[in-house]
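K.L.:
What follows is start-v9.pdb, PDB, C-alpha atoms, pLDDT in the B column.
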```
MODEL        1
ATOM      1  CA  MET A   1     161.208  67.404  98.575  1.00 38.00           C
ATOM      2  CA  ASN A   2     157.655  66.792  99.761  1.00 38.00           C
ATOM      3  CA  VAL A   3     155.673  63.939  98.263  1.00 37.00           C
ATOM      4  CA  SER A   4     151.924  63.707  98.472  1.00 39.00           C
ATOM      5  CA  TRP A   5     149.899  60.518  98.433  1.00 38.00           C
ATOM      6  CA  THR A   6     146.546  62.124  98.975  1.00 40.00           C
ATOM      7  CA  VAL A   7     142.941  61.164  98.362  1.00 38.00           C
ATOM      8  CA  PHE A   8     140.451  63.872  97.455  1.00 36.00           C
ATOM      9  CA  GLY A   9     136.724  63.250  97.226  1.00 37.00           C
ATOM     10  CA  ALA A  10     133.470  65.068  96.839  1.00 36.00           C
ATOM     11  CA  GLN A  11     129.909  63.806  96.863  1.00 33.00           C
ATOM     12  CA  PRO A  12     127.754  65.927  94.529  1.00 33.00           C
ATOM     13  CA  GLU A  13     124.033  66.298  95.056  1.00 37.00           C
ATOM     14  CA  HIS A  14     121.922  63.880  93.003  1.00 33.00           C
ATOM     15  CA  GLN A  15     118.339  63.419  92.090  1.00 37.00           C
ATOM     16  CA  GLY A  16     117.597  59.740  92.624  1.00 41.00           C
ATOM     17  CA  SER A  17     120.259  57.081  93.058  1.00 40.00           C
ATOM     18  CA  VAL A  18     123.964  57.827  93.383  1.00 47.00           C
ATOM     19  CA  LEU A  19     126.114  56.838  90.418  1.00 52.00           C
ATOM     20  CA  PRO A  20     129.104  54.521  91.045  1.00 68.00           C
ATOM     21  CA  GLN A  21     132.300  55.964  92.461  1.00 78.00           C
ATOM     22  CA  PHE A  22     134.637  57.398  89.820  1.00 83.00           C
ATOM     23  CA  ASN A  23     138.346  56.821  90.558  1.00 88.00           C
ATOM     24  CA  VAL A  24     140.958  59.234  89.223  1.00 89.00           C
ATOM     25  CA  LEU A  25     144.758  59.043  89.450  1.00 88.00           C
ATOM     26  CA  SER A  26     146.798  62.254  89.227  1.00 88.00           C
ATOM     27  CA  ALA A  27     150.598  62.426  89.003  1.00 87.00           C
ATOM     28  CA  TYR A  28     152.862  65.464  88.859  1.00 87.00           C
ATOM     29  CA  ALA A  29     156.643  65.774  89.075  1.00 81.00           C
ATOM     30  CA  GLU A  30     159.415  67.627  87.294  1.00 78.00           C
ATOM     31  CA  GLY A  31     162.644  66.276  85.836  1.00 72.00           C
ATOM     32  CA  VAL A  32     164.171  63.207  87.451  1.00 71.00           C
ATOM     33  CA  GLN A  33     161.704  63.604  90.332  1.00 72.00           C
ATOM     34  CA  GLY A  34     159.351  61.676  88.061  1.00 70.00           C
ATOM     35  CA  ILE A  35     160.699  58.453  89.512  1.00 76.00           C
ATOM     36  CA  VAL A  36     158.909  59.218  92.829  1.00 77.00           C
ATOM     37  CA  PRO A  37     155.276  58.823  91.672  1.00 79.00           C
ATOM     38  CA  VAL A  38     156.409  55.885  89.532  1.00 80.00           C
ATOM     39  CA  MET A  39     157.690  54.071  92.619  1.00 82.00           C
ATOM     40  CA  LEU A  40     154.398  54.768  94.425  1.00 81.00           C
ATOM     41  CA  ALA A  41     152.515  53.331  91.454  1.00 83.00           C
ATOM     42  CA  LYS A  42     154.745  50.266  91.460  1.00 83.00           C
ATOM     43  CA  GLU A  43     154.038  49.698  95.153  1.00 85.00           C
ATOM     44  CA  ILE A  44     150.279  49.758  94.576  1.00 83.00           C
ATOM     45  CA  GLU A  45     150.512  47.366  91.645  1.00 83.00           C
ATOM     46  CA  THR A  46     152.654  45.027  93.756  1.00 85.00           C
ATOM     47  CA  ARG A  47     150.269  45.096  96.720  1.00 88.00           C
ATOM     48  CA  THR A  48     147.058  44.774  94.718  1.00 85.00           C
ATOM     49  CA  GLU A  49     148.446  42.485  91.993  1.00 88.00           C
ATOM     50  CA  LYS A  50     146.512  44.637  89.540  1.00 86.00           C
ATOM     51  CA  SER A  51     147.387  47.186  86.896  1.00 85.00           C
ATOM     52  CA  LEU A  52     146.495  50.738  87.926  1.00 84.00           C
ATOM     53  CA  VAL A  53     144.213  51.053  84.904  1.00 85.00           C
ATOM     54  CA  GLU A  54     142.088  48.332  86.512  1.00 86.00           C
ATOM     55  CA  LEU A  55     141.763  50.506  89.618  1.00 86.00           C
ATOM     56  CA  PHE A  56     141.221  53.938  88.050  1.00 88.00           C
ATOM     57  CA  ASP A  57     138.703  55.219  85.509  1.00 89.00           C
ATOM     58  CA  VAL A  58     140.821  58.243  84.563  1.00 90.00           C
ATOM     59  CA  VAL A  59     144.564  58.882  84.769  1.00 92.00           C
ATOM     60  CA  GLY A  60     145.958  62.377  84.404  1.00 92.00           C
ATOM     61  CA  GLY A  61     149.190  64.223  84.980  1.00 90.00           C
ATOM     62  CA  ALA A  62     151.740  66.848  84.080  1.00 90.00           C
ATOM     63  CA  GLY A  63     155.494  67.178  83.908  1.00 88.00           C
ATOM     64  CA  SER A  64     157.308  63.875  84.358  1.00 87.00           C
ATOM     65  CA  GLY A  65     154.107  62.544  85.879  1.00 89.00           C
ATOM     66  CA  SER A  66     152.555  62.639  82.415  1.00 92.00           C
ATOM     67  CA  VAL A  67     154.942  59.868  81.333  1.00 93.00           C
ATOM     68  CA  LEU A  68     153.694  57.605  84.126  1.00 90.00           C
ATOM     69  CA  VAL A  69     149.981  58.092  83.467  1.00 92.00           C
ATOM     70  CA  ALA A  70     150.393  57.875  79.687  1.00 95.00           C
ATOM     71  CA  ALA A  71     152.392  54.650  79.945  1.00 94.00           C
ATOM     72  CA  LEU A  72     149.780  53.116  82.253  1.00 91.00           C
ATOM     73  CA  ALA A  73     147.035  54.169  79.837  1.00 93.00           C
ATOM     74  CA  CYS A  74     148.945  52.410  77.041  1.00 94.00           C
ATOM     75  CA  GLY A  75     148.942  49.129  78.942  1.00 92.00           C
ATOM     76  CA  MET A  76     152.448  49.327  80.365  1.00 92.00           C
ATOM     77  CA  SER A  77     153.180  48.443  83.974  1.00 89.00           C
ATOM     78  CA  ALA A  78     154.728  50.686  86.594  1.00 87.00           C
ATOM     79  CA  ASP A  79     157.802  48.427  86.311  1.00 89.00           C
ATOM     80  CA  ASP A  80     158.087  49.389  82.637  1.00 90.00           C
ATOM     81  CA  VAL A  81     158.108  53.076  83.592  1.00 89.00           C
ATOM     82  CA  VAL A  82     160.659  52.488  86.358  1.00 88.00           C
ATOM     83  CA  GLN A  83     162.903  50.868  83.753  1.00 91.00           C
ATOM     84  CA  PHE A  84     162.433  53.821  81.394  1.00 92.00           C
ATOM     85  CA  PHE A  85     163.421  56.382  84.031  1.00 89.00           C
ATOM     86  CA  GLU A  86     166.367  54.302  85.233  1.00 89.00           C
ATOM     87  CA  GLU A  87     167.712  53.766  81.707  1.00 91.00           C
ATOM     88  CA  LYS A  88     166.845  57.052  80.002  1.00 90.00           C
ATOM     89  CA  SER A  89     167.125  59.769  82.661  1.00 88.00           C
ATOM     90  CA  ALA A  90     170.913  59.786  82.323  1.00 88.00           C
ATOM     91  CA  LEU A  91     170.542  60.344  78.558  1.00 90.00           C
ATOM     92  CA  ILE A  92     167.788  62.984  78.770  1.00 91.00           C
ATOM     93  CA  PHE A  93     169.547  64.922  81.540  1.00 88.00           C
ATOM     94  CA  SER A  94     173.107  64.322  80.381  1.00 87.00           C
ATOM     95  CA  SER A  95     175.622  67.150  80.747  1.00 86.00           C
ATOM     96  CA  ASP A  96     176.510  66.440  77.103  1.00 88.00           C
ATOM     97  CA  ASN A  97     173.029  67.659  76.128  1.00 82.00           C
ATOM     98  CA  LYS A  98     173.116  70.725  78.376  1.00 87.00           C
ATOM     99  CA  SER A  99     173.702  74.270  77.166  1.00 88.00           C
ATOM    100  CA  PRO A 100     175.827  76.813  79.076  1.00 85.00           C
ATOM    101  CA  GLU A 101     172.529  78.311  80.268  1.00 84.00           C
ATOM    102  CA  GLY A 102     171.566  75.006  81.893  1.00 84.00           C
ATOM    103  CA  ILE A 103     168.957  73.991  79.267  1.00 90.00           C
ATOM    104  CA  TYR A 104     168.791  70.376  78.077  1.00 92.00           C
ATOM    105  CA  ASP A 105     168.225  69.256  74.468  1.00 93.00           C
ATOM    106  CA  TYR A 106     164.483  69.069  73.793  1.00 94.00           C
ATOM    107  CA  ASP A 107     165.035  66.848  70.743  1.00 94.00           C
ATOM    108  CA  VAL A 108     166.671  64.204  72.952  1.00 94.00           C
ATOM    109  CA  LEU A 109     163.654  64.272  75.264  1.00 94.00           C
ATOM    110  CA  LYS A 110     161.288  63.828  72.310  1.00 95.00           C
ATOM    111  CA  ARG A 111     163.414  61.014  70.859  1.00 95.00           C
ATOM    112  CA  GLU A 112     163.482  58.990  74.064  1.00 96.00           C
ATOM    113  CA  LEU A 113     159.757  59.442  74.665  1.00 96.00           C
ATOM    114  CA  PHE A 114     159.031  58.347  71.108  1.00 97.00           C
ATOM    115  CA  GLY A 115     161.122  55.258  71.816  1.00 96.00           C
ATOM    116  CA  LEU A 116     158.776  54.499  74.709  1.00 96.00           C
ATOM    117  CA  PHE A 117     155.429  55.291  73.072  1.00 96.00           C
ATOM    118  CA  GLY A 118     156.110  54.923  69.352  1.00 96.00           C
ATOM    119  CA  ASN A 119     153.327  56.106  67.043  1.00 97.00           C
ATOM    120  CA  ARG A 120     150.586  55.844  69.678  1.00 97.00           C
ATOM    121  CA  ILE A 121     148.221  58.801  69.776  1.00 97.00           C
ATOM    122  CA  LEU A 122     146.110  59.931  72.720  1.00 96.00           C
ATOM    123  CA  SER A 123     142.899  58.393  71.399  1.00 96.00           C
ATOM    124  CA  THR A 124     144.454  54.896  71.493  1.00 95.00           C
ATOM    125  CA  ALA A 125     144.768  54.958  75.301  1.00 94.00           C
ATOM    126  CA  GLN A 126     143.113  52.022  77.070  1.00 90.00           C
ATOM    127  CA  CYS A 127     141.483  54.293  79.650  1.00 89.00           C
ATOM    128  CA  VAL A 128     140.623  57.985  79.787  1.00 91.00           C
ATOM    129  CA  LEU A 129     143.902  59.918  79.746  1.00 94.00           C
ATOM    130  CA  TYR A 130     144.375  63.617  80.588  1.00 94.00           C
ATOM    131  CA  ILE A 131     147.623  65.591  80.264  1.00 94.00           C
ATOM    132  CA  VAL A 132     147.812  69.216  81.404  1.00 92.00           C
ATOM    133  CA  VAL A 133     149.687  71.763  79.273  1.00 92.00           C
ATOM    134  CA  LEU A 134     149.596  75.534  78.712  1.00 90.00           C
ATOM    135  CA  ASP A 135     148.051  77.226  75.679  1.00 92.00           C
ATOM    136  CA  ARG A 136     150.666  79.673  74.369  1.00 92.00           C
ATOM    137  CA  GLU A 137     148.080  82.092  72.941  1.00 93.00           C
ATOM    138  CA  THR A 138     145.797  82.366  75.973  1.00 92.00           C
ATOM    139  CA  ASN A 139     148.431  81.576  78.631  1.00 89.00           C
ATOM    140  CA  GLN A 140     145.829  79.317  80.241  1.00 87.00           C
ATOM    141  CA  PRO A 141     146.175  75.654  81.223  1.00 87.00           C
ATOM    142  CA  VAL A 142     144.304  73.194  79.028  1.00 90.00           C
ATOM    143  CA  VAL A 143     143.745  69.451  79.243  1.00 92.00           C
ATOM    144  CA  LEU A 144     144.737  67.359  76.221  1.00 94.00           C
ATOM    145  CA  SER A 145     142.848  64.094  76.376  1.00 92.00           C
ATOM    146  CA  SER A 146     142.213  60.719  74.816  1.00 92.00           C
ATOM    147  CA  ASN A 147     138.572  61.610  74.211  1.00 90.00           C
ATOM    148  CA  GLY A 148     138.679  65.324  73.438  1.00 90.00           C
ATOM    149  CA  LEU A 149     141.116  68.118  72.653  1.00 90.00           C
ATOM    150  CA  GLY A 150     144.346  66.840  71.126  1.00 92.00           C
ATOM    151  CA  LYS A 151     143.202  63.228  70.857  1.00 93.00           C
ATOM    152  CA  ASP A 152     145.012  62.776  67.510  1.00 95.00           C
ATOM    153  CA  ARG A 153     148.369  64.011  68.799  1.00 96.00           C
ATOM    154  CA  LEU A 154     151.298  61.689  69.468  1.00 97.00           C
ATOM    155  CA  ILE A 155     151.470  60.720  73.138  1.00 97.00           C
ATOM    156  CA  SER A 156     155.242  61.151  73.065  1.00 97.00           C
ATOM    157  CA  ASP A 157     154.928  64.756  71.826  1.00 96.00           C
ATOM    158  CA  VAL A 158     152.283  65.665  74.418  1.00 96.00           C
ATOM    159  CA  CYS A 159     154.378  64.188  77.234  1.00 95.00           C
ATOM    160  CA  ALA A 160     157.449  66.054  75.970  1.00 95.00           C
ATOM    161  CA  ILE A 161     155.523  69.347  75.985  1.00 95.00           C
ATOM    162  CA  SER A 162     154.202  68.770  79.488  1.00 92.00           C
ATOM    163  CA  MET A 163     157.620  67.634  80.746  1.00 90.00           C
ATOM    164  CA  ALA A 164     159.510  70.599  79.255  1.00 90.00           C
ATOM    165  CA  HIS A 165     159.687  72.800  82.361  1.00 85.00           C
ATOM    166  CA  PRO A 166     161.115  76.173  81.215  1.00 86.00           C
ATOM    167  CA  SER A 167     164.054  75.818  83.593  1.00 85.00           C
ATOM    168  CA  LEU A 168     165.002  72.508  81.925  1.00 86.00           C
ATOM    169  CA  PHE A 169     163.959  72.599  78.253  1.00 90.00           C
ATOM    170  CA  ILE A 170     162.782  74.957  75.532  1.00 88.00           C
ATOM    171  CA  ALA A 171     159.734  73.309  73.977  1.00 86.00           C
ATOM    172  CA  THR A 172     159.365  73.947  70.249  1.00 89.00           C
ATOM    173  CA  ASP A 173     155.663  73.143  69.890  1.00 92.00           C
ATOM    174  CA  PRO A 174     153.962  76.239  68.396  1.00 92.00           C
ATOM    175  CA  GLN A 175     150.679  75.793  70.289  1.00 94.00           C
ATOM    176  CA  TYR A 176     151.430  74.401  73.747  1.00 94.00           C
ATOM    177  CA  MET A 177     154.092  74.465  76.458  1.00 91.00           C
ATOM    178  CA  SER A 178     154.549  73.224  80.017  1.00 90.00           C
ATOM    179  CA  ALA A 179     151.988  74.577  82.481  1.00 86.00           C
ATOM    180  CA  ALA A 180     154.361  74.253  85.440  1.00 75.00           C
ATOM    181  CA  ASN A 181     155.046  77.960  85.964  1.00 66.00           C
ATOM    182  CA  VAL A 182     151.365  78.872  85.809  1.00 71.00           C
ATOM    183  CA  LEU A 183     149.620  75.901  87.357  1.00 64.00           C
ATOM    184  CA  GLY A 184     152.066  73.992  89.527  1.00 59.00           C
ATOM    185  CA  ASN A 185     150.403  70.783  90.656  1.00 66.00           C
ATOM    186  CA  PRO A 186     147.754  69.836  88.054  1.00 68.00           C
ATOM    187  CA  VAL A 187     145.498  68.060  90.538  1.00 71.00           C
ATOM    188  CA  GLY A 188     143.033  70.961  90.655  1.00 78.00           C
ATOM    189  CA  ALA A 189     142.716  71.191  86.867  1.00 83.00           C
ATOM    190  CA  ILE A 190     142.274  67.436  86.517  1.00 85.00           C
ATOM    191  CA  TYR A 191     139.679  67.232  89.280  1.00 84.00           C
ATOM    192  CA  ASP A 192     137.714  70.149  87.820  1.00 85.00           C
ATOM    193  CA  TYR A 193     137.894  68.707  84.300  1.00 86.00           C
ATOM    194  CA  VAL A 194     136.712  65.272  85.435  1.00 87.00           C
ATOM    195  CA  SER A 195     133.824  66.839  87.356  1.00 85.00           C
ATOM    196  CA  GLU A 196     132.859  68.816  84.249  1.00 87.00           C
ATOM    197  CA  GLN A 197     133.117  65.883  81.830  1.00 86.00           C
ATOM    198  CA  PHE A 198     131.399  63.366  84.119  1.00 83.00           C
ATOM    199  CA  PRO A 199     128.770  65.338  86.065  1.00 83.00           C
ATOM    200  CA  GLY A 200     126.981  63.686  88.924  1.00 80.00           C
ATOM    201  CA  ARG A 201     129.739  61.183  89.670  1.00 81.00           C
ATOM    202  CA  ASP A 202     131.224  60.582  93.113  1.00 83.00           C
ATOM    203  CA  VAL A 203     134.802  61.526  92.197  1.00 84.00           C
ATOM    204  CA  LYS A 204     137.661  60.092  94.240  1.00 86.00           C
ATOM    205  CA  LEU A 205     141.047  61.433  93.163  1.00 85.00           C
ATOM    206  CA  VAL A 206     144.344  59.935  94.320  1.00 84.00           C
ATOM    207  CA  ASP A 207     147.277  62.301  93.830  1.00 83.00           C
ATOM    208  CA  PHE A 208     150.896  61.145  93.488  1.00 81.00           C
ATOM    209  CA  SER A 209     152.910  64.350  93.255  1.00 76.00           C
ATOM    210  CA  THR A 210     156.243  65.831  94.195  1.00 65.00           C
ATOM    211  CA  MET A 211     155.555  69.335  95.410  1.00 53.00           C
ATOM    212  CA  GLU A 212     158.999  70.920  95.174  1.00 48.00           C
ATOM    213  CA  SER A 213     159.179  73.728  92.610  1.00 42.00           C
ATOM    214  CA  LEU A 214     162.176  73.783  90.250  1.00 39.00           C
ATOM    215  CA  SER A 215     161.873  77.533  89.867  1.00 37.00           C
ATOM    216  CA  GLU A 216     162.457  78.277  93.573  1.00 34.00           C
TER     217      GLU A 216
ENDMDL
END
```
Can you present the structure in this file as C-alpha cells?

P.N.:
Amino acid sequence: MNVSWTVFGAQPEHQGSVLPQFNVLSAYAEGVQGIVPVMLAKEIETRTEKSLVELFDVVGGAGSGSVLVAALACGMSADDVVQFFEEKSALIFSSDNKSPEGIYDYDVLKRELFGLFGNRILSTAQCVLYIVVLDRETNQPVVLSSNGLGKDRLISDVCAISMAHPSLFIATDPQYMSAANVLGNPVGAIYDYVSEQFPGRDVKLVDFSTMESLSE
C-alpha cells in the first residue's frame, strides 16, 4: 500500500494584491485503510498542538477518508477518529455481517456512523467540508458540501455513501453512491472545486491518501 503525504499548490494570476493563502486538507482511503490518514492527522495535531481545523480552511475527502474530515469539521480530534476506527472497524467489517459474495452489511455501516455523528447535518460543520460521491443518474462525481449541494443531509449518511466502495458494500441511497470506481483519489475533484468556489486564492492542498485500489 502506498501512502501519500503530498502538498499541491498553485498561484493564480491576480490583479492587485494577492489574497491570503487558502489551506485545504484532502483524505482518501477505502475500508480499514482509513486508519492511515487518521494516524497522519493525529501526528500533525500532536506536533502542532492544534486541531486540524485551525490549520485548514477546507477539509474534503472520500471513502473512509470522509469520516476523518467530517469528524474534524464537527470539532472532534484525530484521537477521537482513531478511537472510532479501533473500536468500530471490527463491527463494520465483521465476518458475521458479510454475505457469501463478500459484501458487508450497509445498515451496520450507517448505524455506526450515526453513532459517531448523530443528527449533525453538513451545514453544521465548523469549517468548510466537502465529501466526494457519484451521481447515479449522470455517473459523474459531485461534491456534497457544508455550504452548497447536500448541505441539509446527515453527515453520517453522506459518509456512508462515500465509504460504500462497491466491492465492500451495496449503498441503498437512491441518488448517490461511492465515486471510487470512477474517480479514485478525490484530490483532483476537491482541488478543482475549491478553485472554482474561491477564485483568486493561493490554494495549498495537503493530501493524506492511501493509493491502493480495492478493485485490483

K.L.:
I need the residue nearest Val67 in chain A from this list: A:Glu137, A:Asp152, A:Glu30, A:Asp202. Use only C-alpha atoms for the distance.

P.N.:
A:Glu30

K.L.:
Could you please determine the separation between CA of Ala27 in chain A and CA of Val182 in chain A in Å, to one decimal place?

P.N.:
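For CA of Ala27 in chain A relative to CA of Val182 in chain A, the distance reads 16.8 Å.
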
K.L.:
Which residue out of A:Ser94, A:Ser99, A:Ser156, A:Ser26 has the minimum interatomic distance to Phe56 in chain A when all atoms listed in the file are used?

P.N.:
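Closest residue, counting all atoms listed in the file: A:Ser26.
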
K.L.:
Find the distance between CA of Leu72 in chain A and CA of Ala180 in chain A and write it in Å to one decimal.

P.N.:
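Computing it gives 21.9 Å between the two atoms.
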
K.L.:
If the PyMOL selection byres ((chain A and resi 68) around 9) is run on the structure shown, which residues does it catch, given as a PyMOL selection string?

P.N.:
chain A and resi 27+34-35+37-38+41+61+64-67+69-73+78+81-82

K.L.:
Using CA of Gln33 in chain A and CA of Lys88 in chain A as the two end points, give the distance in Å to one decimal.

P.N.:
13.3 Å

K.L.:
Could you pull the residues within 10 Å of Ala62 in chain A, counting only C-alpha atoms, minus those fewer than 3 positions along the same chain, as a VMD selection string?

P.N.:
chain A and resid 26 to 30 65 to 69 130 to 133 143 158 to 164 178 to 180 183 to 187 190 209

K.L.:
Give me the result of the PyMOL selection byres ((chain A and resi 106) around 10) on this file, residue by residue, as a VMD selection string.

P.N.:
chain A and resid 92 97 to 98 103 to 105 107 to 111 160 to 161 163 to 164 168 to 172

K.L.:
Can I get the selected residues back with C-alpha atoms, as an mmCIF file, in the frame of the given file?

P.N.:
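Below you can see selection.cif, which holds the result:
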```cif
data_model
loop_
_atom_site.group_PDB
_atom_site.id
_atom_site.type_symbol
_atom_site.label_atom_id
_atom_site.label_comp_id
_atom_site.auth_asym_id
_atom_site.auth_seq_id
_atom_site.Cartn_x
_atom_site.Cartn_y
_atom_site.Cartn_z
ATOM 1 C CA ILE A 92 167.788 62.984 78.770
ATOM 2 C CA ASN A 97 173.029 67.659 76.128
ATOM 3 C CA LYS A 98 173.116 70.725 78.376
ATOM 4 C CA ILE A 103 168.957 73.991 79.267
ATOM 5 C CA TYR A 104 168.791 70.376 78.077
ATOM 6 C CA ASP A 105 168.225 69.256 74.468
ATOM 7 C CA ASP A 107 165.035 66.848 70.743
ATOM 8 C CA VAL A 108 166.671 64.204 72.952
ATOM 9 C CA LEU A 109 163.654 64.272 75.264
ATOM 10 C CA LYS A 110 161.288 63.828 72.310
ATOM 11 C CA ARG A 111 163.414 61.014 70.859
ATOM 12 C CA ALA A 160 157.449 66.054 75.970
ATOM 13 C CA ILE A 161 155.523 69.347 75.985
ATOM 14 C CA MET A 163 157.620 67.634 80.746
ATOM 15 C CA ALA A 164 159.510 70.599 79.255
ATOM 16 C CA LEU A 168 165.002 72.508 81.925
ATOM 17 C CA PHE A 169 163.959 72.599 78.253
ATOM 18 C CA ILE A 170 162.782 74.957 75.532
ATOM 19 C CA ALA A 171 159.734 73.309 73.977
ATOM 20 C CA THR A 172 159.365 73.947 70.249
#
```
